[in-house]
Each structure stands twice: as C-alpha cells, then as structure tokens.
Amino acid sequence: MPDGPQSIPFEYKADDSLDLLDSEIIVVEGVLKELNKRSGVGGINIDAFDREIVSRFFDAGFNVTVNWYSTNVEGVYIPEVQINSRTRSDDGMFDHERMAHEVQTDLLDLGTGGIVKPTAEDIKRFASGAG
C-alpha cells in the first residue's frame with residue numbers, strides 16, 4: 001500500500017459474538033488515541049502502520065484485523081479495526097457480573113450509573129426461568 005501523508009481517522013467495531021466490557025472499551029479507546037497521535041506525524045507507511053495497529057491491540061489483549069478503505073482524497077486511507085477476540089481469557093467466558101458492576105458504577109462516565117436497563121425480551125427470558 002502507498003504511504004499515507006495525512007492523519008488517519010480510526011473506526012473500530014467488535015465481532016458480533018464478542019461482548020466488550022466497559023473497562024475494555026476504555027483500553028480500546030486508549031490504543032486508538034495513541035494510534036491517532038502516531039498517524040498525525042508526517043507520512044506513514046500503511047503496511048508498517050497496519051502491523052503496528054495489530055501489535056498494539058495484541059499487547060492490549062485483543063486479536064484484530066485491519067481493513068483499509070480509500071477515500072475521495074488521494075493518499076488518504078481510513079483503517080477500520082475489527083476486534084475479533086481476546087488474546088487472554090480466564091476461561092473464555094464473558095464475565096457478566098463484572099459487566100453489571102462496571103455498568104452500575106458508570107465506569108464510562110455516561111451519567112447512567114446505578115441501573116442496568118433490561119430490555120422487554122430480557123425481562124420475559126428471566127421471568128420464564130431461562131435467564
């Protein structure tokens with residue numbers, strides 16, 4: 001891929017089967033913030049930067065794939081980081097109790113601490129004993 005002379009806006013998404021904890025979202029956003037700083041420093045080699053993205057996310061605990069999209073501006077490409085899995089996990093199971101704690105304590109500072117709002121489907125599932 002060609003060198004990209006301009007700062008790169010990042011997008012990320014997680015695999016549909018992967019639930020991210022609020023604390024993991026903070027980690028992901030921290031990695032993206034550092035990568036954004038790095039991308040704004042002169043021209044970059046897209047292949048080398050792709051490897052750096054994968055490496056930084058691996059160090060943060062995630063296996064990722066990077067998809068590059070061209071824009072209508074010559075030499076500007078937008079990476080989309082696809083979070084595929086965690087690199088380490090205690091038992092491979094999602095920790096719902098930790099998720100509830102992080103939501104209830106408003107770890108992301110969304111102003112919604114103290115409550116977990118179940119959907120109507122969740123309420124029906126719990127009421128039927130399948131929860």
# chains A, B, ... in the order shown; residues from 1 in each chain; ligands from 1
call {"tool": "residues_around", "arguments": {"residues": "Tyr12 of chain A", "least_positions_apart": "2", "cutoff": "9 Å", "atoms": "only C-alpha atoms", "output": "number ranges by chain"}}
result
A: 10, 14, 28, 32, 79-83
call {"tool": "closest_atom_pairs", "arguments": {"of": "segment 32-119 of chain A", "to": "segment 20-26 of chain A", "cutoff": "7 Å", "atoms": "only C-alpha atoms", "output": "tab-separated table"}}
result
residue	atom	partner	partner_atom	distance
A:Met99	CA	A:Leu21	CA	5.7
A:Glu102	CA	A:Asp22	CA	6.3
A:Leu107	CA	A:Asp22	CA	6.5
A:Leu108	CA	A:Asp22	CA	6.3
call {"tool": "write_last_selection", "arguments": {"atoms": "N, CA and C atoms", "output": "PDB file, in the first residue's frame"}}
result
ATOM      1  N   MET A  99     -19.428  -7.082  34.123  1.00  0.00           N
ATOM      2  CA  MET A  99     -20.122  -6.134  33.260  1.00  0.00           C
ATOM      3  C   MET A  99     -21.165  -5.351  34.062  1.00  0.00           C
ATOM      4  N   GLU A 102     -19.487  -2.832  36.309  1.00  0.00           N
ATOM      5  CA  GLU A 102     -18.946  -1.687  35.572  1.00  0.00           C
ATOM      6  C   GLU A 102     -20.051  -0.757  35.086  1.00  0.00           C
ATOM      7  N   LEU A 107     -18.608   3.182  34.892  1.00  0.00           N
ATOM      8  CA  LEU A 107     -17.186   3.246  34.572  1.00  0.00           C
ATOM      9  C   LEU A 107     -16.897   4.146  33.379  1.00  0.00           C
ATOM     10  N   LEU A 108     -17.804   4.174  32.403  1.00  0.00           N
ATOM     11  CA  LEU A 108     -17.609   5.013  31.218  1.00  0.00           C
ATOM     12  C   LEU A 108     -18.062   6.450  31.426  1.00  0.00           C
TER      13      LEU A 108
END
call {"tool": "select_by_dssp", "arguments": {"residues": "segment 11-129 of chain A", "states": "alpha helix (DSSP H)", "output": "NGL selection string"}}
result
:A and (22-39 or 46-60 or 96-104 or 120-127)
call {"tool": "write_last_selection", "arguments": {"atoms": "N, CA and C atoms", "output": "short mmCIF file (atom, residue, chain, number, x, y, z; two decimals), in the first residue's frame"}}
result
data_model
loop_
_atom_site.label_atom_id
_atom_site.label_comp_id
_atom_site.auth_asym_id
_atom_site.auth_seq_id
_atom_site.Cartn_x
_atom_site.Cartn_y
_atom_site.Cartn_z
N ASP A 22 -16.98 -2.53 29.74
CA ASP A 22 -16.72 -1.08 29.72
C ASP A 22 -15.22 -0.81 29.91
N SER A 23 -14.58 -1.57 30.79
CA SER A 23 -13.14 -1.38 31.01
C SER A 23 -12.34 -1.70 29.75
N GLU A 24 -12.82 -2.65 28.95
CA GLU A 24 -12.14 -2.97 27.69
C GLU A 24 -12.35 -1.87 26.66
N ILE A 25 -13.52 -1.25 26.68
CA ILE A 25 -13.78 -0.12 25.77
C ILE A 25 -12.81 1.01 26.08
N ILE A 26 -12.54 1.24 27.36
CA ILE A 26 -11.57 2.28 27.75
C ILE A 26 -10.18 1.93 27.22
N VAL A 27 -9.80 0.65 27.30
CA VAL A 27 -8.50 0.21 26.78
C VAL A 27 -8.43 0.41 25.27
N VAL A 28 -9.48 0.00 24.55
CA VAL A 28 -9.54 0.14 23.10
C VAL A 28 -9.42 1.61 22.70
N GLU A 29 -10.16 2.46 23.38
CA GLU A 29 -10.11 3.89 23.06
C GLU A 29 -8.74 4.48 23.37
N GLY A 30 -8.07 3.97 24.40
CA GLY A 30 -6.71 4.43 24.70
C GLY A 30 -5.73 4.05 23.60
N VAL A 31 -5.85 2.83 23.08
CA VAL A 31 -4.99 2.40 21.98
C VAL A 31 -5.26 3.26 20.75
N LEU A 32 -6.54 3.49 20.45
CA LEU A 32 -6.89 4.32 19.29
C LEU A 32 -6.36 5.74 19.43
N LYS A 33 -6.41 6.27 20.64
CA LYS A 33 -5.91 7.63 20.88
C LYS A 33 -4.41 7.71 20.58
N GLU A 34 -3.67 6.71 21.04
CA GLU A 34 -2.22 6.69 20.76
C GLU A 34 -1.95 6.51 19.28
N LEU A 35 -2.72 5.66 18.62
CA LEU A 35 -2.54 5.46 17.18
C LEU A 35 -2.88 6.73 16.40
N ASN A 36 -3.90 7.45 16.85
CA ASN A 36 -4.25 8.71 16.18
C ASN A 36 -3.11 9.72 16.30
N LYS A 37 -2.48 9.79 17.47
CA LYS A 37 -1.33 10.68 17.64
C LYS A 37 -0.22 10.28 16.67
N ARG A 38 0.02 9.00 16.59
CA ARG A 38 1.09 8.46 15.74
C ARG A 38 0.78 8.72 14.26
N SER A 39 -0.48 8.61 13.88
CA SER A 39 -0.84 8.77 12.46
C SER A 39 -0.72 10.21 12.00
N ILE A 46 1.67 2.52 5.18
CA ILE A 46 0.43 1.85 5.58
C ILE A 46 0.69 0.42 6.04
N ASP A 47 1.57 -0.33 5.35
CA ASP A 47 1.86 -1.71 5.74
C ASP A 47 2.48 -1.77 7.13
N ALA A 48 3.45 -0.88 7.38
CA ALA A 48 4.10 -0.85 8.70
C ALA A 48 3.10 -0.40 9.77
N PHE A 49 2.27 0.56 9.43
CA PHE A 49 1.28 1.05 10.39
C PHE A 49 0.23 -0.03 10.68
N ASP A 50 -0.13 -0.79 9.68
CA ASP A 50 -1.06 -1.91 9.86
C ASP A 50 -0.48 -2.89 10.89
N ARG A 51 0.80 -3.23 10.74
CA ARG A 51 1.46 -4.14 11.69
C ARG A 51 1.49 -3.53 13.09
N GLU A 52 1.72 -2.22 13.17
CA GLU A 52 1.75 -1.55 14.47
C GLU A 52 0.38 -1.60 15.14
N ILE A 53 -0.67 -1.39 14.37
CA ILE A 53 -2.04 -1.45 14.92
C ILE A 53 -2.30 -2.83 15.50
N VAL A 54 -2.00 -3.86 14.72
CA VAL A 54 -2.23 -5.24 15.17
C VAL A 54 -1.42 -5.52 16.43
N SER A 55 -0.17 -5.08 16.45
CA SER A 55 0.71 -5.32 17.59
C SER A 55 0.23 -4.59 18.85
N ARG A 56 -0.15 -3.33 18.70
CA ARG A 56 -0.61 -2.57 19.88
C ARG A 56 -1.89 -3.17 20.46
N PHE A 57 -2.80 -3.60 19.59
CA PHE A 57 -4.02 -4.22 20.10
C PHE A 57 -3.72 -5.57 20.73
N PHE A 58 -2.78 -6.32 20.18
CA PHE A 58 -2.39 -7.59 20.77
C PHE A 58 -1.84 -7.37 22.18
N ASP A 59 -0.97 -6.37 22.31
CA ASP A 59 -0.40 -6.03 23.62
C ASP A 59 -1.48 -5.60 24.61
N ALA A 60 -2.57 -5.01 24.09
CA ALA A 60 -3.68 -4.57 24.94
C ALA A 60 -4.66 -5.70 25.24
N HIS A 96 -20.29 -11.66 33.16
CA HIS A 96 -21.49 -10.83 33.25
C HIS A 96 -21.56 -10.07 34.57
N GLU A 97 -21.04 -10.65 35.63
CA GLU A 97 -21.05 -9.94 36.92
C GLU A 97 -20.13 -8.71 36.86
N ARG A 98 -19.00 -8.86 36.22
CA ARG A 98 -18.10 -7.71 36.07
C ARG A 98 -18.76 -6.64 35.20
N MET A 99 -19.43 -7.08 34.12
CA MET A 99 -20.12 -6.13 33.26
C MET A 99 -21.16 -5.35 34.06
N ALA A 100 -21.96 -6.07 34.86
CA ALA A 100 -23.00 -5.41 35.66
C ALA A 100 -22.37 -4.41 36.63
N HIS A 101 -21.27 -4.81 37.27
CA HIS A 101 -20.60 -3.90 38.20
C HIS A 101 -20.10 -2.65 37.48
N GLU A 102 -19.49 -2.83 36.31
CA GLU A 102 -18.95 -1.69 35.57
C GLU A 102 -20.05 -0.76 35.09
N VAL A 103 -21.18 -1.33 34.69
CA VAL A 103 -22.32 -0.50 34.27
C VAL A 103 -22.91 0.23 35.47
N GLN A 104 -23.10 -0.49 36.56
CA GLN A 104 -23.71 0.12 37.75
C GLN A 104 -22.84 1.21 38.36
N ALA A 120 -37.31 -5.58 27.15
CA ALA A 120 -38.53 -6.37 27.36
C ALA A 120 -38.24 -7.85 27.14
N GLU A 121 -37.41 -8.16 26.17
CA GLU A 121 -37.03 -9.56 25.90
C GLU A 121 -36.27 -10.15 27.08
N ASP A 122 -35.36 -9.36 27.69
CA ASP A 122 -34.62 -9.84 28.86
C ASP A 122 -35.58 -10.15 30.01
N ILE A 123 -36.54 -9.27 30.24
CA ILE A 123 -37.50 -9.47 31.33
C ILE A 123 -38.31 -10.75 31.11
N LYS A 124 -38.76 -10.98 29.88
CA LYS A 124 -39.52 -12.19 29.57
C LYS A 124 -38.66 -13.44 29.78
N ARG A 125 -37.40 -13.36 29.35
CA ARG A 125 -36.50 -14.51 29.50
C ARG A 125 -36.26 -14.82 30.97
N PHE A 126 -36.00 -13.80 31.78
CA PHE A 126 -35.79 -14.02 33.20
C PHE A 126 -37.06 -14.52 33.89
N ALA A 127 -38.20 -13.98 33.51
CA ALA A 127 -39.48 -14.39 34.10
C ALA A 127 -39.79 -15.85 33.79
#
